[in-house]
file final.csv (CSV, C-alpha atoms)
chain,number,residue,atom,x,y,z
A,1,MET,CA,-39.4,15.2,-148.2
A,2,THR,CA,-42.2,17.7,-148.6
A,3,ARG,CA,-44.4,15.4,-146.7
A,4,ASN,CA,-41.9,15.4,-143.8
A,5,ARG,CA,-41.5,19.2,-143.4
A,6,PRO,CA,-44.5,19.7,-141.2
A,7,SER,CA,-43.2,17.1,-139.0
A,8,PHE,CA,-39.9,18.8,-138.8
A,9,HIS,CA,-41.5,22.0,-137.9
A,10,PHE,CA,-43.5,20.3,-135.3
A,11,THR,CA,-40.3,18.8,-134.0
A,12,VAL,CA,-38.6,22.1,-133.9
A,13,LEU,CA,-41.5,23.6,-132.2
A,14,ALA,CA,-41.6,20.8,-129.8
A,15,LEU,CA,-37.9,21.2,-129.1
A,16,GLY,CA,-38.3,25.0,-128.7
A,17,ALA,CA,-41.2,24.4,-126.3
A,18,ALA,CA,-39.2,21.9,-124.4
A,19,LEU,CA,-36.3,24.3,-124.3
A,20,LEU,CA,-38.6,27.0,-123.0
A,21,LEU,CA,-39.9,24.7,-120.5
A,22,ALA,CA,-36.4,23.8,-119.4
A,23,LEU,CA,-35.3,27.4,-119.2
A,24,SER,CA,-38.4,28.7,-117.2
A,25,PRO,CA,-37.6,27.0,-113.9
A,26,ALA,CA,-34.0,28.2,-114.2
A,27,ARG,CA,-35.2,31.8,-114.7
A,28,ALA,CA,-37.7,31.4,-111.9
A,29,ALA,CA,-35.0,30.1,-109.6
A,30,LEU,CA,-32.7,33.0,-110.6
A,31,PHE,CA,-35.5,35.5,-109.9
A,32,GLU,CA,-36.2,33.9,-106.5
A,33,ASP,CA,-32.5,34.1,-105.6
A,34,ASP,CA,-32.5,37.8,-106.3
A,35,GLU,CA,-35.5,38.4,-104.2
A,36,ALA,CA,-34.1,36.3,-101.3
A,37,ARG,CA,-30.8,38.2,-101.5
A,38,LYS,CA,-32.7,41.5,-101.5
A,39,ALA,CA,-34.8,40.4,-98.5
A,40,ILE,CA,-31.6,39.3,-96.7
A,41,LEU,CA,-30.0,42.7,-97.4
A,42,ASP,CA,-33.1,44.5,-96.2
A,43,LEU,CA,-33.2,42.3,-93.1
A,44,ARG,CA,-29.5,42.9,-92.4
A,45,GLN,CA,-30.1,46.6,-92.8
A,46,LYS,CA,-33.0,46.5,-90.3
A,47,VAL,CA,-31.0,44.3,-87.9
A,48,GLU,CA,-28.1,46.8,-88.2
A,49,ALA,CA,-30.4,49.7,-87.7
A,50,ASN,CA,-31.9,48.0,-84.7
A,51,ARG,CA,-28.4,47.2,-83.3
A,52,VAL,CA,-27.3,50.8,-83.8
A,53,GLN,CA,-30.5,52.0,-82.2
A,54,ALA,CA,-30.2,49.5,-79.3
A,55,GLN,CA,-26.5,50.4,-78.9
A,56,SER,CA,-27.5,54.1,-78.8
A,57,ALA,CA,-30.3,53.5,-76.3
A,58,THR,CA,-27.9,51.3,-74.2
A,59,GLU,CA,-25.2,54.0,-74.3
A,60,LYS,CA,-27.9,56.6,-73.4
A,61,LEU,CA,-29.1,54.4,-70.5
A,62,LEU,CA,-25.5,53.9,-69.4
A,63,GLU,CA,-25.0,57.6,-69.5
A,64,GLU,CA,-28.2,58.3,-67.6
A,65,SER,CA,-27.2,55.5,-65.1
A,66,ARG,CA,-23.8,57.1,-64.6
A,67,ARG,CA,-25.4,60.5,-64.2
A,68,ALA,CA,-27.9,59.1,-61.8
A,69,SER,CA,-25.1,57.3,-59.9
A,70,ASP,CA,-23.2,60.6,-59.7
A,71,GLU,CA,-26.3,62.4,-58.5
A,72,ASN,CA,-26.8,59.6,-56.0
A,73,VAL,CA,-23.3,60.1,-54.8
A,74,LEU,CA,-23.8,63.8,-54.5
A,75,LEU,CA,-27.2,63.3,-52.8
A,76,ARG,CA,-25.6,60.8,-50.4
A,77,LYS,CA,-22.8,63.2,-49.7
A,78,SER,CA,-25.3,66.0,-49.2
A,79,LEU,CA,-27.4,63.8,-46.8
A,80,LEU,CA,-24.2,63.0,-44.9
A,81,ASP,CA,-23.3,66.6,-44.7
A,82,LEU,CA,-26.8,67.5,-43.6
A,83,GLN,CA,-26.8,64.7,-41.0
A,84,SER,CA,-23.5,66.0,-39.7
A,85,GLN,CA,-24.9,69.5,-39.5
A,86,ILE,CA,-27.9,68.2,-37.7
A,87,GLU,CA,-25.7,66.4,-35.2
A,88,GLN,CA,-23.6,69.5,-34.7
A,89,LEU,CA,-26.8,71.6,-34.2
A,90,ARG,CA,-28.1,69.0,-31.7
A,91,SER,CA,-24.8,69.1,-29.8
A,92,GLU,CA,-24.8,72.9,-29.8
A,93,LEU,CA,-28.5,72.9,-28.7
A,94,ALA,CA,-27.6,70.4,-25.9
A,95,ASN,CA,-24.7,72.7,-24.8
A,96,PHE,CA,-27.0,75.7,-25.0
A,97,ARG,CA,-29.6,74.0,-22.9
A,98,GLY,CA,-26.9,73.0,-20.4
A,99,GLN,CA,-25.7,76.6,-20.2
A,100,GLN,CA,-29.3,77.8,-19.9
A,101,GLU,CA,-29.9,75.3,-17.0
A,102,GLN,CA,-26.7,76.4,-15.4
A,103,PHE,CA,-27.6,80.0,-15.8
A,104,THR,CA,-31.1,79.4,-14.4
A,105,ARG,CA,-29.5,77.6,-11.4
A,106,SER,CA,-27.0,80.4,-10.9
A,107,LEU,CA,-29.8,83.0,-11.2
A,108,SER,CA,-31.9,81.0,-8.7
A,109,ASP,CA,-28.9,80.7,-6.3
A,110,MET,CA,-28.2,84.4,-6.7
A,111,GLN,CA,-31.8,85.3,-6.0
A,112,VAL,CA,-31.7,83.1,-2.9
A,113,ARG,CA,-28.4,84.7,-1.7
A,114,GLN,CA,-29.8,88.1,-2.4
A,115,LYS,CA,-33.0,87.3,-0.5
A,116,ASP,CA,-30.9,86.0,2.4
A,117,ILE,CA,-28.7,89.1,2.3
A,118,VAL,CA,-31.8,91.4,2.2
A,119,GLN,CA,-33.4,89.4,5.0
A,120,GLY,CA,-30.2,89.5,7.0
A,121,VAL,CA,-29.9,93.3,6.5
A,122,GLU,CA,-33.5,93.7,7.5
A,123,GLU,CA,-33.0,91.6,10.6
A,124,ARG,CA,-29.9,93.6,11.5
A,125,LEU,CA,-31.7,96.8,10.9
A,126,SER,CA,-34.7,95.6,12.8
A,127,LYS,CA,-32.4,95.1,15.8
A,128,VAL,CA,-31.2,98.7,15.7
A,129,GLU,CA,-33.7,100.8,13.9
A,130,PRO,CA,-36.7,102.2,15.9
A,131,ALA,CA,-40.1,100.9,15.1
A,132,LYS,CA,-43.6,102.1,15.9
A,133,VAL,CA,-45.1,100.5,18.9
A,134,SER,CA,-48.3,101.1,21.0
A,135,MET,CA,-48.5,101.0,24.8
A,136,ASP,CA,-51.4,102.0,27.0
A,137,GLY,CA,-53.1,103.8,24.1
A,138,ALA,CA,-50.0,105.8,23.1
A,139,GLU,CA,-48.1,105.3,19.9
A,140,PHE,CA,-44.4,106.1,19.6
A,141,SER,CA,-41.1,104.9,18.2
A,142,ALA,CA,-38.9,102.6,20.2
A,143,GLU,CA,-35.7,100.8,19.5
A,144,PRO,CA,-35.8,97.0,19.5
A,145,ARG,CA,-33.6,96.7,22.6
A,146,GLU,CA,-35.8,99.3,24.3
A,147,LYS,CA,-38.9,97.4,23.6
A,148,GLY,CA,-37.3,94.1,24.6
A,149,ASP,CA,-36.1,95.4,27.9
A,150,PHE,CA,-39.5,96.9,28.8
A,151,ASP,CA,-41.4,93.7,27.8
A,152,ALA,CA,-38.9,91.6,29.9
A,153,ALA,CA,-39.4,93.8,33.0
A,154,LEU,CA,-43.2,93.6,32.6
A,155,ALA,CA,-43.0,89.8,32.2
A,156,VAL,CA,-41.1,89.6,35.5
A,157,PHE,CA,-43.8,91.8,37.3
A,158,ARG,CA,-46.6,89.6,35.9
A,159,LYS,CA,-44.9,86.5,37.3
A,160,GLY,CA,-45.2,88.0,40.8
A,161,ASP,CA,-41.4,88.6,41.2
A,162,PHE,CA,-41.9,92.2,42.4
A,163,ALA,CA,-38.5,92.9,43.8
A,164,PRO,CA,-36.7,91.9,40.5
A,165,ALA,CA,-39.4,93.8,38.6
A,166,GLN,CA,-38.7,96.9,40.6
A,167,ALA,CA,-35.0,96.6,39.8
A,168,ALA,CA,-35.7,95.9,36.1
A,169,PHE,CA,-38.0,99.0,35.7
A,170,THR,CA,-35.6,101.2,37.6
A,171,ASP,CA,-32.8,100.1,35.3
A,172,PHE,CA,-35.0,100.6,32.2
A,173,LEU,CA,-35.8,104.2,33.2
A,174,ARG,CA,-32.1,104.9,33.9
A,175,ARG,CA,-31.1,103.6,30.4
A,176,PHE,CA,-34.1,105.0,28.5
A,177,PRO,CA,-35.1,108.2,30.3
A,178,ALA,CA,-36.8,109.7,27.3
A,179,SER,CA,-38.5,106.5,26.1
A,180,GLY,CA,-42.2,106.5,25.2
A,181,TYR,CA,-42.4,103.5,27.6
A,182,ALA,CA,-41.3,105.8,30.5
A,183,PRO,CA,-44.9,106.7,31.8
A,184,SER,CA,-45.9,103.0,31.7
A,185,ALA,CA,-42.6,102.0,33.3
A,186,LEU,CA,-43.2,104.5,36.1
A,187,PHE,CA,-46.7,103.1,36.7
A,188,TRP,CA,-45.5,99.5,36.9
A,189,LEU,CA,-42.5,100.5,39.0
A,190,GLY,CA,-44.9,102.1,41.5
A,191,ASN,CA,-47.0,99.0,41.6
A,192,ALA,CA,-43.9,96.8,42.2
A,193,GLN,CA,-42.8,99.1,45.0
A,194,TYR,CA,-46.3,99.1,46.5
A,195,ALA,CA,-46.2,95.2,46.4
A,196,VAL,CA,-43.0,95.2,48.4
A,197,ARG,CA,-44.5,97.8,50.8
A,198,ASP,CA,-42.2,100.6,49.6
A,199,TYR,CA,-45.0,103.1,49.8
A,200,VAL,CA,-42.8,106.2,49.7
A,201,GLY,CA,-41.0,105.0,46.6
A,202,ALA,CA,-44.3,104.0,45.0
A,203,ILE,CA,-45.8,107.5,45.7
A,204,ALA,CA,-42.7,109.1,44.1
A,205,SER,CA,-43.0,106.9,41.0
A,206,PHE,CA,-46.8,107.6,40.6
A,207,ARG,CA,-46.2,111.3,41.0
A,208,ALA,CA,-43.4,111.3,38.4
A,209,LEU,CA,-45.9,109.7,36.0
A,210,LEU,CA,-48.4,112.4,36.6
A,211,THR,CA,-45.8,115.1,36.2
A,212,ARG,CA,-44.5,113.7,33.0
A,213,ALA,CA,-47.8,112.7,31.4
A,214,PRO,CA,-50.9,113.9,33.2
A,215,GLU,CA,-53.1,112.8,30.3
A,216,HIS,CA,-51.7,109.3,30.2
A,217,SER,CA,-54.3,106.5,30.2
A,218,ARG,CA,-52.7,105.2,33.5
A,219,ALA,CA,-52.8,108.6,35.2
A,220,PRO,CA,-56.2,108.1,37.0
A,221,GLU,CA,-55.0,104.7,38.3
A,222,ALA,CA,-51.7,106.3,39.4
A,223,VAL,CA,-53.7,108.9,41.6
A,224,LEU,CA,-55.8,106.1,43.1
A,225,SER,CA,-52.6,104.1,43.8
A,226,ILE,CA,-51.1,107.2,45.6
A,227,ALA,CA,-54.2,107.3,47.8
A,228,ASN,CA,-53.9,103.5,48.5
A,229,CYS,CA,-50.3,104.1,49.6
A,230,GLN,CA,-51.4,106.9,51.9
A,231,ILE,CA,-54.1,104.7,53.4
A,232,GLU,CA,-51.5,101.9,54.0
A,233,MET,CA,-49.3,104.6,55.7
A,234,LYS,CA,-52.4,105.6,57.9
A,235,ASP,CA,-52.4,109.1,56.4
A,236,THR,CA,-56.2,109.3,56.1
A,237,ARG,CA,-56.3,113.0,55.6
A,238,ALA,CA,-53.8,112.9,52.7
A,239,ALA,CA,-55.6,110.0,51.2
A,240,ARG,CA,-59.0,111.7,51.3
A,241,LYS,CA,-57.5,114.8,49.6
A,242,THR,CA,-55.9,112.6,46.9
A,243,LEU,CA,-59.2,110.8,46.3
A,244,GLU,CA,-61.1,114.1,46.0
A,245,ASP,CA,-58.5,115.5,43.6
A,246,LEU,CA,-58.9,112.3,41.5
A,247,ILE,CA,-62.6,112.7,41.2
A,248,LYS,CA,-62.2,116.3,40.1
A,249,ALA,CA,-59.4,115.7,37.6
A,250,TYR,CA,-60.7,112.5,36.1
A,251,PRO,CA,-64.5,112.4,36.8
A,252,GLN,CA,-65.3,109.9,33.9
A,253,SER,CA,-62.7,107.4,34.8
A,254,GLU,CA,-63.2,104.0,36.5
A,255,ALA,CA,-60.6,105.1,39.1
A,256,ALA,CA,-62.9,108.1,40.0
A,257,GLY,CA,-65.8,105.6,40.8
A,258,ALA,CA,-63.4,103.6,43.0
A,259,ALA,CA,-62.3,106.8,44.7
A,260,LYS,CA,-65.9,107.6,45.6
A,261,GLU,CA,-66.3,104.3,47.3
A,262,ARG,CA,-63.1,104.6,49.3
A,263,LEU,CA,-64.2,108.1,50.4
A,264,THR,CA,-67.3,106.7,51.9
A,265,ARG,CA,-65.3,104.1,53.8
A,266,LEU,CA,-62.8,106.7,55.0
A,267,ARG,CA,-65.5,108.8,56.7

call {"tool": "encode", "arguments": {"input": "final.csv", "output": "structure tokens"}}
result
Amino acid sequence: MTRNRPSFHFTVLALGAALLLALSPARAALFEDDEARKAILDLRQKVEANRVQAQSATEKLLEESRRASDENVLLRKSLLDLQSQIEQLRSELANFRGQQEQFTRSLSDMQVRQKDIVQGVEERLSKVEPAKVSMDGAEFSAEPREKGDFDAALAVFRKGDFAPAQAAFTDFLRRFPASGYAPSALFWLGNAQYAVRDYVGAIASFRALLTRAPEHSRAPEAVLSIANCQIEMKDTRAARKTLEDLIKAYPQSEAAGAAKERLTRLR
């Protein structure tokens, strides 16, 4: 039995070793399960944290999206309001331009009417108001009708219608006795009378001119015309006297030169 004890101990030791060997995988498996469970728990925690973080980010994005949507709605409403205001301003501007064009047309029409009125008034005034005229070197004021009647009578004389011209100048002197045209009217009246051989009437007209305006530019011609009438009437003595008076009174005139020639023929 003493001889078998070492064997027994060996056997025990072998069994213990076997038991340890048997228990080691079990303990290892148990340790591995704990580590896996811990890793799973850590993973779950991370997943939950990521979920919570993602949900928070999603909610934040949704909130920002709602806010952006609200802002877009407000912006769209503001743009619509602004567009409406722009259209209203355009309409008001178009109305203003239309009113301005109407005002411009009205102003233009008013200016045209005013111009027509002024022109009409001026024309009416020109028909009645005296105006400065010049005739035979003399300047004076004459009424439009006065000037028109004188010009008409002179036009008749220049056409060679001496009898009508005589009547026209006689009528003119009757209606405008104080006219500045009177000396010239007397001169042309005398010439018309001379043309129709009314020598006495012509001498009276020429002498009326000389009495009224001895310094008139037609005065020397009037004296010469008196002499011509006297010659036609065969009153040589009177004609010679008239020609001599002409040369003394108007020595520098062309009529004085003509008087000298006639004097030589009368002798």

call {"tool": "atom_distance", "arguments": {"input": "final.csv", "atom1": "CA of Ser205 (chain A)", "atom2": "CA of Arg175 (chain A)"}}
result
16.3 Å

call {"tool": "closest_residue", "arguments": {"input": "final.csv", "among": "A:Phe169, A:Phe157, A:Phe187, A:Tyr194", "to": "Arg212 (chain A)", "atoms": "all atoms listed in the file"}}
result
A:Phe187

call {"tool": "atom_distance", "arguments": {"input": "final.csv", "atom1": "CA of Asp151 (chain A)", "atom2": "CA of Lys132 (chain A)"}}
result
14.7 Å

call {"tool": "residues_near_point", "arguments": {"input": "final.csv", "point": "(-44.6, 100.4, 17.5)", "cutoff": "12 Å", "atoms": "all atoms listed in the file", "output": "PyMOL selection string"}}
result
chain A and resi 126+129-144+146-148+180-181

call {"tool": "closest_residue", "arguments": {"input": "final.csv", "among": "A:Ala153, A:Leu210, A:Ser184, A:Phe162", "to": "Asp198 (chain A)", "atoms": "only C-alpha atoms"}}
result
A:Phe162

call {"tool": "residues_around", "arguments": {"input": "final.csv", "residues": "Asp171 (chain A)", "least_positions_apart": "4", "cutoff": "10 Å", "atoms": "only C-alpha atoms", "output": "list in words"}}
result
Asp149, Phe150, Ala153, Ala165, Gln166, Ala167, Arg175, Phe176 and Pro177 of chain A

call {"tool": "closest_residue", "arguments": {"input": "final.csv", "among": "A:Glu221, A:Pro183, A:Ile226, A:Gln83", "to": "Ala208 (chain A)", "atoms": "only C-alpha atoms"}}
result
A:Pro183

call {"tool": "atom_distance", "arguments": {"input": "final.csv", "atom1": "CA of Pro220 (chain A)", "atom2": "CA of Glu244 (chain A)"}}
result
11.9 Å
